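Asks: Provided below: work.cif, containing mmCIF, C-alpha atoms.
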```
data_upload
loop_
_atom_site.label_atom_id
_atom_site.label_comp_id
_atom_site.auth_asym_id
_atom_site.auth_seq_id
_atom_site.Cartn_x
_atom_site.Cartn_y
_atom_site.Cartn_z
CA MET A 25 0.00 0.00 0.00
CA TYR A 26 2.81 2.36 0.82
CA GLU A 27 3.93 3.26 -2.71
CA ALA A 28 0.51 4.86 -3.23
CA HIS A 29 1.62 7.75 -1.00
CA SER A 30 3.29 9.46 -3.89
CA ASP A 31 0.05 10.27 -5.76
CA THR A 32 0.24 14.04 -5.86
CA GLN A 33 -3.42 14.38 -6.86
CA ALA A 34 -4.83 12.32 -4.02
CA VAL A 35 -6.17 13.20 -0.62
CA VAL A 36 -4.59 11.03 2.06
CA VAL A 37 -6.36 10.14 5.29
CA ILE A 38 -4.10 8.86 8.05
CA ILE A 39 -5.63 6.60 10.67
CA ASP A 40 -4.01 5.49 13.91
CA ILE A 41 -6.98 4.86 16.18
CA LEU A 42 -5.06 3.60 19.22
CA ARG A 43 -4.04 6.30 19.77
CA ALA A 44 -2.25 8.90 17.65
CA THR A 45 -4.97 10.20 15.36
CA SER A 46 -7.59 9.99 18.11
CA SER A 47 -5.32 12.08 20.31
CA ILE A 48 -4.63 14.60 17.54
CA CYS A 49 -8.36 15.09 16.89
CA THR A 50 -8.91 15.49 20.63
CA ALA A 51 -6.14 18.06 20.89
CA PHE A 52 -7.73 20.20 18.16
CA ALA A 53 -11.18 19.75 19.68
CA ASN A 54 -9.68 21.10 22.89
CA GLY A 55 -8.17 24.13 21.21
CA VAL A 56 -4.59 23.25 20.37
CA SER A 57 -3.26 25.75 17.87
CA GLU A 58 -0.77 23.58 15.98
CA ILE A 59 0.80 20.15 16.28
CA ILE A 60 4.31 19.48 15.04
CA PRO A 61 4.68 15.80 14.21
CA VAL A 62 8.16 14.52 15.00
CA ALA A 63 9.65 11.25 13.85
CA THR A 64 12.67 10.79 16.11
CA VAL A 65 13.49 11.04 19.80
CA GLU A 66 16.21 13.56 18.97
CA GLU A 67 13.79 15.84 17.14
CA ALA A 68 11.37 15.57 20.04
CA ARG A 69 14.06 16.57 22.52
CA ALA A 70 15.14 19.49 20.34
CA LEU A 71 11.60 20.87 20.17
CA LYS A 72 11.15 20.45 23.93
CA GLU A 73 14.36 22.41 24.44
CA LYS A 74 12.96 25.17 22.20
CA GLY A 75 10.07 25.50 24.65
CA TYR A 76 7.29 23.55 22.94
CA LEU A 77 4.96 21.33 24.89
CA LEU A 78 5.96 17.77 24.06
CA ALA A 79 3.80 14.65 23.85
CA ALA A 80 6.13 11.74 23.28
CA GLU A 81 6.12 7.99 23.70
CA ARG A 82 7.99 5.07 22.29
CA ASP A 83 6.18 1.73 22.32
CA GLY A 84 3.66 3.12 24.78
CA TYR A 85 6.22 4.38 27.29
CA LEU A 86 6.55 8.07 28.10
CA LEU A 87 9.88 9.61 27.13
CA ASP A 88 11.35 11.02 30.33
CA PHE A 89 11.74 14.56 29.02
CA ALA A 90 8.18 14.74 27.63
CA ASP A 91 5.35 16.75 29.19
CA PHE A 92 2.86 13.96 28.68
CA GLY A 93 2.18 10.81 26.73
CA ASN A 94 -0.01 9.70 23.88
CA SER A 95 -3.40 9.20 25.55
CA PRO A 96 -6.11 11.51 24.18
CA PHE A 97 -7.01 12.24 27.81
CA ASN A 98 -3.72 14.12 28.20
CA PHE A 99 -4.71 16.76 25.64
CA THR A 100 -7.02 18.71 27.95
CA PRO A 101 -8.13 22.27 27.18
CA GLU A 102 -6.17 23.44 30.24
CA LYS A 103 -2.94 22.05 28.82
CA VAL A 104 -3.23 22.63 25.09
CA ARG A 105 -5.57 25.54 24.28
CA GLY A 106 -3.76 28.05 22.09
CA LYS A 107 -0.51 26.12 22.30
CA THR A 108 1.76 24.49 19.74
CA VAL A 109 2.45 20.89 20.75
CA ALA A 110 5.25 18.71 19.43
CA TYR A 111 3.98 15.18 19.01
CA SER A 112 6.10 12.07 18.61
CA THR A 113 4.66 8.57 18.13
CA THR A 114 5.89 5.17 17.11
CA ASN A 115 3.88 4.91 13.91
CA GLY A 116 1.89 7.90 12.80
CA THR A 117 4.49 10.60 12.49
CA GLY A 118 6.68 8.88 9.95
CA ILE A 119 3.68 8.12 7.75
CA MET A 120 2.56 11.77 7.73
CA LYS A 121 5.96 12.75 6.40
CA MET A 122 5.89 9.95 3.80
CA ALA A 123 2.52 11.13 2.49
CA SER A 124 3.37 14.82 2.46
CA ASP A 125 3.76 14.95 -1.36
CA CYS A 126 0.07 14.26 -1.82
CA HIS A 127 -2.51 16.96 -2.51
CA ALA A 128 -3.63 16.98 1.11
CA VAL A 129 -2.94 14.90 4.21
CA VAL A 130 -5.70 14.86 6.79
CA ILE A 131 -6.13 13.12 10.12
CA GLY A 132 -8.97 10.64 10.55
CA SER A 133 -10.52 8.91 13.53
CA TYR A 134 -13.96 7.95 14.76
CA LEU A 135 -13.93 11.22 16.71
CA ASN A 136 -14.21 13.32 13.53
CA PHE A 137 -15.79 10.64 11.35
CA SER A 138 -18.84 12.34 9.86
CA ALA A 139 -17.14 15.67 9.27
CA LEU A 140 -14.24 13.90 7.59
CA CYS A 141 -16.47 11.77 5.34
CA SER A 142 -18.53 14.81 4.30
CA TRP A 143 -15.41 16.74 3.45
CA LEU A 144 -13.96 13.81 1.47
CA GLU A 145 -17.20 13.53 -0.49
CA GLN A 146 -16.93 17.19 -1.46
CA GLN A 147 -13.44 16.76 -2.91
CA GLN A 148 -13.28 15.62 -6.52
CA ARG A 149 -10.23 13.55 -5.75
CA LYS A 150 -8.95 10.06 -5.25
CA VAL A 151 -8.86 9.18 -1.56
CA ILE A 152 -6.09 7.05 -0.09
CA ILE A 153 -6.65 5.81 3.45
CA ILE A 154 -3.41 4.91 5.19
CA CYS A 155 -3.66 2.75 8.26
CA ALA A 156 -0.69 3.43 10.49
CA GLY A 157 -0.71 -0.14 11.73
CA TRP A 158 2.00 -1.28 14.06
CA LYS A 159 5.64 -1.38 13.07
CA LYS A 160 4.68 -1.55 9.39
CA ARG A 161 2.26 -4.40 10.01
CA PHE A 162 -1.48 -4.67 9.50
CA ASN A 163 -3.68 -4.02 12.49
CA LEU A 164 -7.36 -4.53 13.07
CA GLU A 165 -8.38 -1.27 14.76
CA ASP A 166 -7.14 1.01 11.99
CA THR A 167 -8.52 -1.30 9.29
CA LEU A 168 -11.99 -1.16 10.86
CA CYS A 169 -12.06 2.63 10.80
CA ALA A 170 -10.77 2.62 7.22
CA GLY A 171 -13.59 0.21 6.39
CA ALA A 172 -16.13 2.49 8.05
CA ILE A 173 -14.93 5.48 6.03
CA ALA A 174 -14.81 3.48 2.80
CA GLU A 175 -18.30 2.11 3.37
CA ARG A 176 -19.66 5.62 3.90
CA LEU A 177 -17.95 6.95 0.78
CA LEU A 178 -18.98 4.00 -1.39
CA GLU A 179 -22.59 4.24 -0.19
CA GLY A 180 -22.61 7.89 -1.24
CA GLY A 181 -22.19 6.77 -4.85
CA ARG A 182 -19.44 9.21 -5.84
CA PHE A 183 -16.63 6.74 -5.19
CA THR A 184 -15.69 3.37 -6.59
CA THR A 185 -12.80 1.10 -5.74
CA ALA A 186 -10.83 -1.64 -7.47
CA CYS A 187 -8.72 -2.23 -4.39
CA ASP A 188 -9.00 -5.57 -2.59
CA SER A 189 -7.88 -4.07 0.71
CA VAL A 190 -10.84 -1.68 0.64
CA HIS A 191 -13.26 -4.57 0.11
CA ALA A 192 -11.65 -6.49 2.96
CA ALA A 193 -11.76 -3.46 5.28
CA VAL A 194 -15.42 -2.84 4.53
CA ASP A 195 -16.28 -6.50 5.15
CA LEU A 196 -14.37 -6.53 8.44
CA TRP A 197 -16.13 -3.31 9.46
CA HIS A 198 -19.49 -4.99 8.78
CA LEU A 199 -18.49 -7.87 11.01
CA ALA A 200 -17.33 -5.59 13.80
CA LYS A 201 -19.58 -2.57 13.77
CA ASP A 202 -22.33 -3.78 16.08
CA ASP A 203 -19.76 -4.42 18.81
CA ILE A 204 -16.50 -2.70 17.94
CA ILE A 205 -15.09 -2.89 21.45
CA GLY A 206 -15.85 -6.59 21.64
CA TYR A 207 -14.37 -7.23 18.20
CA ILE A 208 -11.06 -5.56 18.92
CA GLU A 209 -10.55 -7.66 22.04
CA LYS A 210 -8.47 -9.87 19.73
CA ALA A 211 -6.37 -6.98 18.41
CA ALA A 212 -2.74 -7.11 19.46
CA GLN A 213 -2.73 -3.40 20.32
CA ARG A 214 -5.68 -3.99 22.66
CA SER A 215 -3.49 -6.37 24.65
CA ARG A 216 -0.46 -4.09 24.51
CA LEU A 217 -2.40 -1.17 25.94
CA ARG A 218 -3.96 -3.34 28.63
CA ASP A 219 -0.57 -4.69 29.64
CA LYS A 220 0.73 -1.13 30.07
CA GLY A 221 -2.38 0.16 31.85
CA LEU A 222 -3.07 2.46 28.91
CA ASP A 223 -6.43 1.05 27.86
CA ASP A 224 -8.74 3.49 29.63
CA CYS A 225 -9.19 5.35 26.33
CA ILE A 226 -10.41 2.42 24.20
CA GLY A 227 -14.09 3.32 24.42
CA TYR A 228 -13.44 7.00 23.86
CA CYS A 229 -11.25 6.31 20.80
CA HIS A 230 -14.18 4.43 19.25
CA THR A 231 -16.73 7.21 19.83
CA PHE A 232 -18.22 8.77 16.73
CA ASP A 233 -18.34 12.50 16.07
CA VAL A 234 -16.94 14.16 19.14
CA THR A 235 -15.67 16.97 16.91
CA ALA A 236 -16.15 18.34 13.40
CA ILE A 237 -12.54 19.47 13.13
CA ILE A 238 -10.36 17.93 10.44
CA PRO A 239 -6.65 18.32 11.16
CA VAL A 240 -4.58 18.83 8.01
CA LEU A 241 -0.83 18.82 7.37
CA ARG A 242 0.51 22.18 6.16
CA ASN A 243 4.18 23.05 6.01
CA GLU A 244 5.00 19.98 8.11
CA ARG A 245 2.60 21.06 10.86
CA LEU A 246 -0.92 19.94 11.65
CA VAL A 247 -3.48 22.72 11.74
CA THR A 248 -7.26 22.82 11.37
CA LEU A 249 -8.58 22.59 7.82
CA MET B 146 4.58 -8.97 6.99
CA TYR B 147 7.61 -9.34 4.81
CA GLU B 148 10.35 -8.94 7.45
CA ALA B 149 9.02 -12.12 9.08
CA HIS B 150 10.60 -14.12 6.24
CA SER B 151 13.93 -14.16 7.98
CA ASP B 152 12.80 -16.43 10.85
CA THR B 153 15.14 -19.35 10.35
CA GLN B 154 13.09 -21.59 12.66
CA ALA B 155 9.77 -21.10 10.91
CA VAL B 156 7.96 -23.03 8.23
CA VAL B 157 6.79 -20.72 5.47
CA VAL B 158 3.73 -21.46 3.37
CA ILE B 159 3.51 -19.48 0.14
CA ILE B 160 0.08 -18.89 -1.33
CA ASP B 161 -0.68 -17.49 -4.78
CA ILE B 162 -4.07 -18.98 -5.57
CA LEU B 163 -4.63 -17.24 -8.93
CA ARG B 164 -2.58 -18.94 -10.20
CA ALA B 165 1.04 -19.74 -9.33
CA THR B 166 0.75 -22.04 -6.33
CA SER B 167 -2.36 -23.73 -7.77
CA SER B 168 -0.38 -24.42 -10.94
CA ILE B 169 2.65 -25.69 -9.04
CA CYS B 170 0.52 -28.13 -7.03
CA THR B 171 -1.14 -29.29 -10.26
CA ALA B 172 2.22 -29.81 -11.93
CA PHE B 173 3.37 -32.09 -9.11
CA ALA B 174 0.05 -33.91 -9.05
CA ASN B 175 0.63 -34.57 -12.75
CA GLY B 176 4.10 -35.93 -12.23
CA VAL B 177 6.52 -33.05 -12.77
CA SER B 178 9.89 -33.98 -11.36
CA GLU B 179 11.19 -30.54 -10.34
CA ILE B 180 10.23 -26.91 -10.80
CA ILE B 181 12.86 -24.19 -10.98
CA PRO B 182 11.34 -20.88 -9.88
CA VAL B 183 12.79 -17.97 -11.80
CA ALA B 184 12.43 -14.32 -10.91
CA THR B 185 13.44 -12.52 -14.11
CA VAL B 186 12.70 -12.74 -17.82
CA GLU B 187 16.44 -13.10 -18.48
CA GLU B 188 16.72 -16.08 -16.16
CA ALA B 189 13.67 -17.63 -17.81
CA ARG B 190 15.21 -17.23 -21.25
CA ALA B 191 18.52 -18.69 -20.09
CA LEU B 192 16.83 -21.82 -18.72
CA LYS B 193 14.78 -22.24 -21.90
CA GLU B 194 17.99 -22.05 -23.90
CA LYS B 195 19.46 -24.79 -21.70
CA GLY B 196 16.59 -27.00 -22.79
CA TYR B 197 14.18 -26.81 -19.88
CA LEU B 198 10.45 -26.62 -20.42
CA LEU B 199 9.47 -23.05 -19.59
CA ALA B 200 6.21 -21.75 -18.12
CA ALA B 201 6.44 -17.98 -18.15
CA GLU B 202 4.11 -15.02 -18.02
CA ARG B 203 4.36 -11.39 -17.11
CA ASP B 204 1.12 -9.72 -15.97
CA GLY B 205 -0.86 -12.61 -17.39
CA TYR B 206 0.69 -12.52 -20.85
CA LEU B 207 2.72 -15.42 -22.21
CA LEU B 208 6.38 -14.62 -22.86
CA ASP B 209 6.98 -15.34 -26.52
CA PHE B 210 9.82 -17.80 -25.98
CA ALA B 211 7.91 -19.80 -23.31
CA ASP B 212 6.42 -23.25 -23.87
CA PHE B 213 3.22 -22.37 -22.05
CA GLY B 214 1.70 -19.93 -19.58
CA ASN B 215 0.65 -19.94 -15.98
CA SER B 216 -2.73 -21.69 -16.07
CA PRO B 217 -2.81 -24.92 -14.07
CA PHE B 218 -4.48 -26.51 -17.11
CA ASN B 219 -1.20 -26.21 -19.01
CA PHE B 220 0.62 -28.56 -16.65
CA THR B 221 -0.84 -31.76 -18.08
CA PRO B 222 0.71 -35.17 -17.42
CA GLU B 223 1.56 -35.39 -21.13
CA LYS B 224 3.64 -32.25 -20.94
CA VAL B 225 5.26 -32.39 -17.51
CA ARG B 226 5.56 -35.97 -16.24
CA GLY B 227 9.17 -36.67 -15.30
CA LYS B 228 10.33 -33.27 -16.51
CA THR B 229 12.02 -30.31 -14.89
CA VAL B 230 10.06 -27.16 -15.61
CA ALA B 231 11.34 -23.60 -15.24
CA TYR B 232 8.59 -21.42 -13.88
CA SER B 233 8.47 -17.65 -13.94
CA THR B 234 5.65 -15.60 -12.43
CA THR B 235 4.99 -12.00 -11.55
CA ASN B 236 4.67 -12.52 -7.80
CA GLY B 237 5.39 -15.93 -6.41
CA THR B 238 8.92 -16.58 -7.51
CA GLY B 239 10.50 -13.59 -5.83
CA ILE B 240 8.81 -14.41 -2.56
CA MET B 241 10.09 -17.99 -2.60
CA LYS B 242 13.62 -16.66 -2.86
CA MET B 243 13.02 -14.09 -0.11
CA ALA B 244 11.78 -16.79 2.25
CA SER B 245 14.51 -19.28 1.45
CA ASP B 246 16.38 -18.66 4.74
CA CYS B 247 13.53 -20.16 6.72
CA HIS B 248 13.50 -23.73 8.00
CA ALA B 249 11.25 -24.86 5.16
CA VAL B 250 9.33 -23.19 2.36
CA VAL B 251 6.30 -25.10 1.11
CA ILE B 252 3.66 -24.38 -1.50
CA GLY B 253 0.05 -24.06 -0.42
CA SER B 254 -3.24 -23.94 -2.29
CA TYR B 255 -6.74 -25.31 -1.93
CA LEU B 256 -5.62 -28.17 -4.14
CA ASN B 257 -3.36 -29.62 -1.42
CA PHE B 258 -5.16 -28.08 1.55
CA SER B 259 -5.78 -31.00 3.89
CA ALA B 260 -2.42 -32.64 3.31
CA LEU B 261 -0.69 -29.31 3.91
CA CYS B 262 -2.61 -28.59 7.12
CA SER B 263 -1.93 -32.07 8.49
CA TRP B 264 1.76 -31.73 7.77
CA LEU B 265 1.91 -28.27 9.37
CA GLU B 266 0.21 -29.65 12.47
CA GLN B 267 2.87 -32.31 12.76
CA GLN B 268 5.71 -29.79 12.73
CA GLN B 269 6.61 -28.30 16.10
CA ARG B 270 7.30 -24.97 14.46
CA LYS B 271 6.02 -21.49 13.96
CA VAL B 272 4.11 -21.21 10.70
CA ILE B 273 4.29 -18.09 8.55
CA ILE B 274 1.77 -17.87 5.73
CA ILE B 275 2.89 -15.52 2.98
CA CYS B 276 0.25 -14.33 0.57
CA ALA B 277 1.90 -13.47 -2.72
CA GLY B 278 -0.66 -10.76 -3.36
CA TRP B 279 -0.32 -8.59 -6.41
CA LYS B 280 2.65 -6.29 -6.94
CA LYS B 281 3.34 -6.21 -3.21
CA ARG B 282 -0.29 -5.39 -2.41
CA PHE B 283 -2.91 -7.25 -0.43
CA ASN B 284 -5.32 -9.43 -2.36
CA LEU B 285 -8.49 -11.22 -1.35
CA GLU B 286 -8.03 -14.63 -2.92
CA ASP B 287 -4.73 -15.41 -1.18
CA THR B 288 -5.97 -13.98 2.11
CA LEU B 289 -8.99 -16.29 2.05
CA CYS B 290 -6.84 -19.39 1.62
CA ALA B 291 -4.51 -18.16 4.38
CA GLY B 292 -7.58 -17.72 6.58
CA ALA B 293 -8.76 -21.22 5.76
CA ILE B 294 -5.37 -22.70 6.72
CA ALA B 295 -5.14 -20.58 9.87
CA GLU B 296 -8.66 -21.56 10.93
CA ARG B 297 -7.85 -25.24 10.52
CA LEU B 298 -4.61 -24.93 12.50
CA LEU B 299 -6.17 -22.83 15.28
CA GLU B 300 -9.09 -25.26 15.60
CA GLY B 301 -6.61 -28.08 16.07
CA GLY B 302 -5.51 -26.46 19.33
CA ARG B 303 -1.76 -26.71 18.80
CA PHE B 304 -1.42 -23.20 17.41
CA THR B 305 -2.11 -19.74 18.77
CA THR B 306 -1.68 -16.36 17.14
CA ALA B 307 -1.14 -12.79 18.30
CA CYS B 308 -1.19 -11.52 14.74
CA ASP B 309 -4.01 -9.21 13.66
CA SER B 310 -3.66 -10.23 10.02
CA VAL B 311 -4.39 -13.85 10.94
CA HIS B 312 -7.57 -12.83 12.77
CA ALA B 313 -8.65 -10.73 9.79
CA ALA B 314 -7.92 -13.55 7.32
CA VAL B 315 -9.89 -16.05 9.39
CA ASP B 316 -12.84 -13.66 9.65
CA LEU B 317 -12.80 -12.98 5.92
CA TRP B 318 -12.64 -16.72 5.26
CA HIS B 319 -15.72 -17.21 7.44
CA LEU B 320 -17.54 -14.60 5.39
CA ALA B 321 -16.53 -16.15 2.10
CA LYS B 322 -16.39 -19.89 2.63
CA ASP B 323 -19.98 -20.77 1.77
CA ASP B 324 -19.59 -19.14 -1.64
CA ILE B 325 -15.92 -18.56 -2.38
CA ILE B 326 -16.41 -18.06 -6.10
CA GLY B 327 -19.14 -15.52 -5.47
CA TYR B 328 -17.08 -13.71 -2.85
CA ILE B 329 -14.04 -13.26 -5.06
CA GLU B 330 -16.13 -11.68 -7.81
CA LYS B 331 -14.98 -8.40 -6.24
CA ALA B 332 -11.30 -9.37 -6.24
CA ALA B 333 -9.19 -7.32 -8.65
CA GLN B 334 -7.40 -10.43 -9.92
CA ARG B 335 -10.78 -11.95 -10.79
CA SER B 336 -11.37 -9.03 -13.17
CA ARG B 337 -7.83 -9.11 -14.54
CA LEU B 338 -8.12 -12.79 -15.45
CA ARG B 339 -11.54 -12.28 -16.98
CA ASP B 340 -10.28 -9.37 -19.07
CA LYS B 341 -7.49 -11.56 -20.45
CA GLY B 342 -9.68 -14.62 -21.01
CA LEU B 343 -7.70 -16.50 -18.38
CA ASP B 344 -10.49 -17.15 -15.88
CA ASP B 345 -11.46 -20.67 -16.91
CA CYS B 346 -9.42 -22.00 -13.98
CA ILE B 347 -11.12 -20.04 -11.18
CA GLY B 348 -13.33 -22.89 -10.03
CA TYR B 349 -10.53 -25.44 -10.26
CA CYS B 350 -8.15 -23.23 -8.26
CA HIS B 351 -10.70 -23.18 -5.44
CA THR B 352 -11.17 -26.96 -5.32
CA PHE B 353 -10.12 -28.67 -2.11
CA ASP B 354 -7.80 -31.66 -1.98
CA VAL B 355 -7.07 -32.62 -5.54
CA THR B 356 -3.66 -33.86 -4.39
CA ALA B 357 -1.81 -34.79 -1.19
CA ILE B 358 1.52 -33.59 -2.55
CA ILE B 359 3.26 -30.73 -0.75
CA PRO B 360 5.87 -29.02 -2.94
CA VAL B 361 8.90 -27.82 -0.96
CA LEU B 362 11.82 -25.58 -1.87
CA ARG B 363 15.19 -27.37 -1.77
CA ASN B 364 18.38 -25.94 -3.20
CA GLU B 365 16.38 -23.29 -5.04
CA ARG B 366 14.17 -25.88 -6.71
CA LEU B 367 10.70 -27.10 -5.88
CA VAL B 368 10.42 -30.83 -5.29
CA THR B 369 7.91 -33.03 -3.47
CA LEU B 370 8.26 -33.12 0.30
#
```
Once more with this new file: its structure as structure tokens, please.
Replies:
Amino acid sequence: MYEAHSDTQAVVVIIDILRATSSICTAFANGVSEIIPVATVEEARALKEKGYLLAAERDGYLLDFADFGNSPFNFTPEKVRGKTVAYSTTNGTGIMKMASDCHAVVIGSYLNFSALCSWLEQQQRKVIIICAGWKKRFNLEDTLCAGAIAERLLEGGRFTTACDSVHAAVDLWHLAKDDIIGYIEKAAQRSRLRDKGLDDCIGYCHTFDVTAIIPVLRNERLVTL
Amino acid sequence: MYEAHSDTQAVVVIIDILRATSSICTAFANGVSEIIPVATVEEARALKEKGYLLAAERDGYLLDFADFGNSPFNFTPEKVRGKTVAYSTTNGTGIMKMASDCHAVVIGSYLNFSALCSWLEQQQRKVIIICAGWKKRFNLEDTLCAGAIAERLLEGGRFTTACDSVHAAVDLWHLAKDDIIGYIEKAAQRSRLRDKGLDDCIGYCHTFDVTAIIPVLRNERLVTL
């Protein structure tokens, strides 16, 4: 899937439900001004030293010089309103940079689902949904959200697909949608978060339409569309 | 998934249902002595010039110096019994070479399904199922067969998985298994084969247990286990 990133005419939606893109949507809903995605620990440290608020984890563990970690619950209005936050994650950040040649790179999650789908329908463009996955591997929770978005777009009648992964994602979404939380019990990331005591946000991260904000990448920073 | 190939303790099953691994299983069922997988057109030509029978396509089109193409129906007893056949395909061959550091590399399809699953159950080893896919992308038809194998192994109780792609494959298999041919109508490869008039083998390639032979890679050649 990854070579598709270089389509300069396409809109790219990045999905990392547990937890990067859910946290980014939450941060904007709570008034963050900008988010600077950072790919490396060194970059994260440099931005912290420049005075930015830093959210930074590696494999679910807080970096010791960070202000807070990756849970959406950390991005409270009190902490982030009007601020620029540097944000480092294991998966999502690198993908944003990889996709940055495309026409637009936006952030998707259940939290901004309907607003995102409506906006995508208004674009006269190919849509590429990139699931962040885990260490370059497939994961269930991102695939389900991709399937939900694809189903919505295909139902609208303006989109078609010849991509087997879209069909598979839609079919998995159909299987899971009546009990998403139950379905992702078998997801590896579900177990990882539980093992680290980081699973309090699972329900929240699968809540539809908490915000209508669509974060978009501009000049290597995330801002509101 | 592809970095997993380097697990020297694992048994790797390669699946390319439409049509490479179905054709390879058919060739052995019909008495082929050895198959030499070749990755490039140049290699294919060199082996043809050495006198080997050559089955070779690129993107579904017969190479002009080949003896026949990739359809399993080409590998008749009359043509292949007792022969060594050089075999070049778009996807499968490269993967076989990539996985060749593993403990064993075997060829899977519906055609040798039960024999393959029984043999895998007897090994005390990790099993990696590699779907050849299409130009490094996910496809439905290989994923379904992987799901069928995984379901059988997991039901047997000797195997567990913490791999989201296995769960997804098993769930897709459950969705498809009562009407596999109907389900893969939406697969891109289904359309490609139809467009090229190469889809007469679809039903055959989804037939269980035509043979009990398990082709295995030894010294860069496929032989019977």
Asks: Residues within 10 Å of A:His230, please, as a list of chain:residue names. Count only C-alpha atoms; anything in the same chain fewer than 6 positions from it doesn't count.
Replies: A:Ile41, A:Leu42, A:Ser46, A:Ser133, A:Tyr134, A:Leu135, A:Glu165, A:Cys169, A:Ile204, A:Ile205
Asks: Based on only C-alpha atoms, which of the residues in chain B come within 9 Å of chain A? I want them as a PDB file with C-alpha atoms, in the frame of the given file.
Replies:
```pdb
ATOM      1  CA  MET B 146       4.580  -8.970   6.990  1.00  0.00           C
ATOM      2  CA  TYR B 147       7.610  -9.340   4.810  1.00  0.00           C
ATOM      3  CA  LYS B 281       3.340  -6.210  -3.210  1.00  0.00           C
ATOM      4  CA  ARG B 282      -0.290  -5.390  -2.410  1.00  0.00           C
ATOM      5  CA  PHE B 283      -2.910  -7.250  -0.430  1.00  0.00           C
ATOM      6  CA  ASN B 284      -5.320  -9.430  -2.360  1.00  0.00           C
ATOM      7  CA  LEU B 285      -8.490 -11.220  -1.350  1.00  0.00           C
ATOM      8  CA  ALA B 307      -1.140 -12.790  18.300  1.00  0.00           C
ATOM      9  CA  CYS B 308      -1.190 -11.520  14.740  1.00  0.00           C
ATOM     10  CA  ASP B 309      -4.010  -9.210  13.660  1.00  0.00           C
ATOM     11  CA  SER B 310      -3.660 -10.230  10.020  1.00  0.00           C
ATOM     12  CA  HIS B 312      -7.570 -12.830  12.770  1.00  0.00           C
ATOM     13  CA  ALA B 313      -8.650 -10.730   9.790  1.00  0.00           C
ATOM     14  CA  ASP B 316     -12.840 -13.660   9.650  1.00  0.00           C
ATOM     15  CA  LEU B 317     -12.800 -12.980   5.920  1.00  0.00           C
ATOM     16  CA  LEU B 320     -17.540 -14.600   5.390  1.00  0.00           C
ATOM     17  CA  LYS B 331     -14.980  -8.400  -6.240  1.00  0.00           C
ATOM     18  CA  ALA B 332     -11.300  -9.370  -6.240  1.00  0.00           C
ATOM     19  CA  ALA B 333      -9.190  -7.320  -8.650  1.00  0.00           C
ATOM     20  CA  GLN B 334      -7.400 -10.430  -9.920  1.00  0.00           C
TER      21      GLN B 334
END
```
Asks: Residues picked by the PyMOL selection byres ((chain B and resi 155) around 10) here, as a PDB file with C-alpha atoms, keeping the file's coordinate frame?
Replies:
```pdb
ATOM      1  CA  ALA B 149       9.020 -12.120   9.080  1.00  0.00           C
ATOM      2  CA  HIS B 150      10.600 -14.120   6.240  1.00  0.00           C
ATOM      3  CA  SER B 151      13.930 -14.160   7.980  1.00  0.00           C
ATOM      4  CA  ASP B 152      12.800 -16.430  10.850  1.00  0.00           C
ATOM      5  CA  THR B 153      15.140 -19.350  10.350  1.00  0.00           C
ATOM      6  CA  GLN B 154      13.090 -21.590  12.660  1.00  0.00           C
ATOM      7  CA  VAL B 156       7.960 -23.030   8.230  1.00  0.00           C
ATOM      8  CA  VAL B 157       6.790 -20.720   5.470  1.00  0.00           C
ATOM      9  CA  VAL B 158       3.730 -21.460   3.370  1.00  0.00           C
ATOM     10  CA  ALA B 244      11.780 -16.790   2.250  1.00  0.00           C
ATOM     11  CA  ASP B 246      16.380 -18.660   4.740  1.00  0.00           C
ATOM     12  CA  CYS B 247      13.530 -20.160   6.720  1.00  0.00           C
ATOM     13  CA  HIS B 248      13.500 -23.730   8.000  1.00  0.00           C
ATOM     14  CA  ALA B 249      11.250 -24.860   5.160  1.00  0.00           C
ATOM     15  CA  VAL B 250       9.330 -23.190   2.360  1.00  0.00           C
ATOM     16  CA  GLN B 268       5.710 -29.790  12.730  1.00  0.00           C
ATOM     17  CA  GLN B 269       6.610 -28.300  16.100  1.00  0.00           C
ATOM     18  CA  ARG B 270       7.300 -24.970  14.460  1.00  0.00           C
ATOM     19  CA  LYS B 271       6.020 -21.490  13.960  1.00  0.00           C
ATOM     20  CA  VAL B 272       4.110 -21.210  10.700  1.00  0.00           C
ATOM     21  CA  ILE B 273       4.290 -18.090   8.550  1.00  0.00           C
TER      22      ILE B 273
END
```
Asks: So that I can see what lies close to A:Arg245, please list as a list in words the residues with an atom at most 8 Å from it, counting all atoms listed in the file and leaving out residues fewer than 4 positions away in the same chain.
Replies: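 Selected residues are Glu58, Ile59, Ile60, Pro61 and Leu241 of chain A.
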Asks: Check the smallest atom-to-atom distance from each of A:Cys229, A:Leu78, A:Ala236, A:Leu178 to A:Asp166 using all atoms listed in the file, then report the winner.
Replies: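 Checking each candidate against A:Asp166, we get A:Cys229 as the closest.
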Asks: Which residues come within 12 Å of B:Gly196, counting all atoms listed in the file, excluding same-chain residues fewer than 6 positions away, as a ChimeraX atom specification?
Replies: /B:189-190,210-212,228-231
Asks: How many Å lie between atom CA of A:Ala70 and atom CA of A:Ile39, rounded to one decimal?
Replies: 26.3 Å
Asks: Which residue is closest to B:Ser259? Choose from B:Thr352, B:Thr305, B:Thr166, B:Asn219 and count all atoms listed in the file.
Replies: B:Thr352
Asks: Residues within 7 Å of B:Leu370, please, as a list in words. Count all atoms listed in the file; anything in the same chain fewer than 2 positions from it doesn't count.
Replies: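 Counting only the stated atoms, we get Ile359, Pro360, Val361 and Val368 of chain B.
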Asks: Using C-alpha atoms, can you write the selected residues to a file as a PDB file, in the coordinates of the input?
Replies:
```pdb
ATOM      1  CA  ILE B 359       3.260 -30.730  -0.750  1.00  0.00           C
ATOM      2  CA  PRO B 360       5.870 -29.020  -2.940  1.00  0.00           C
ATOM      3  CA  VAL B 361       8.900 -27.820  -0.960  1.00  0.00           C
ATOM      4  CA  VAL B 368      10.420 -30.830  -5.290  1.00  0.00           C
TER       5      VAL B 368
END
```
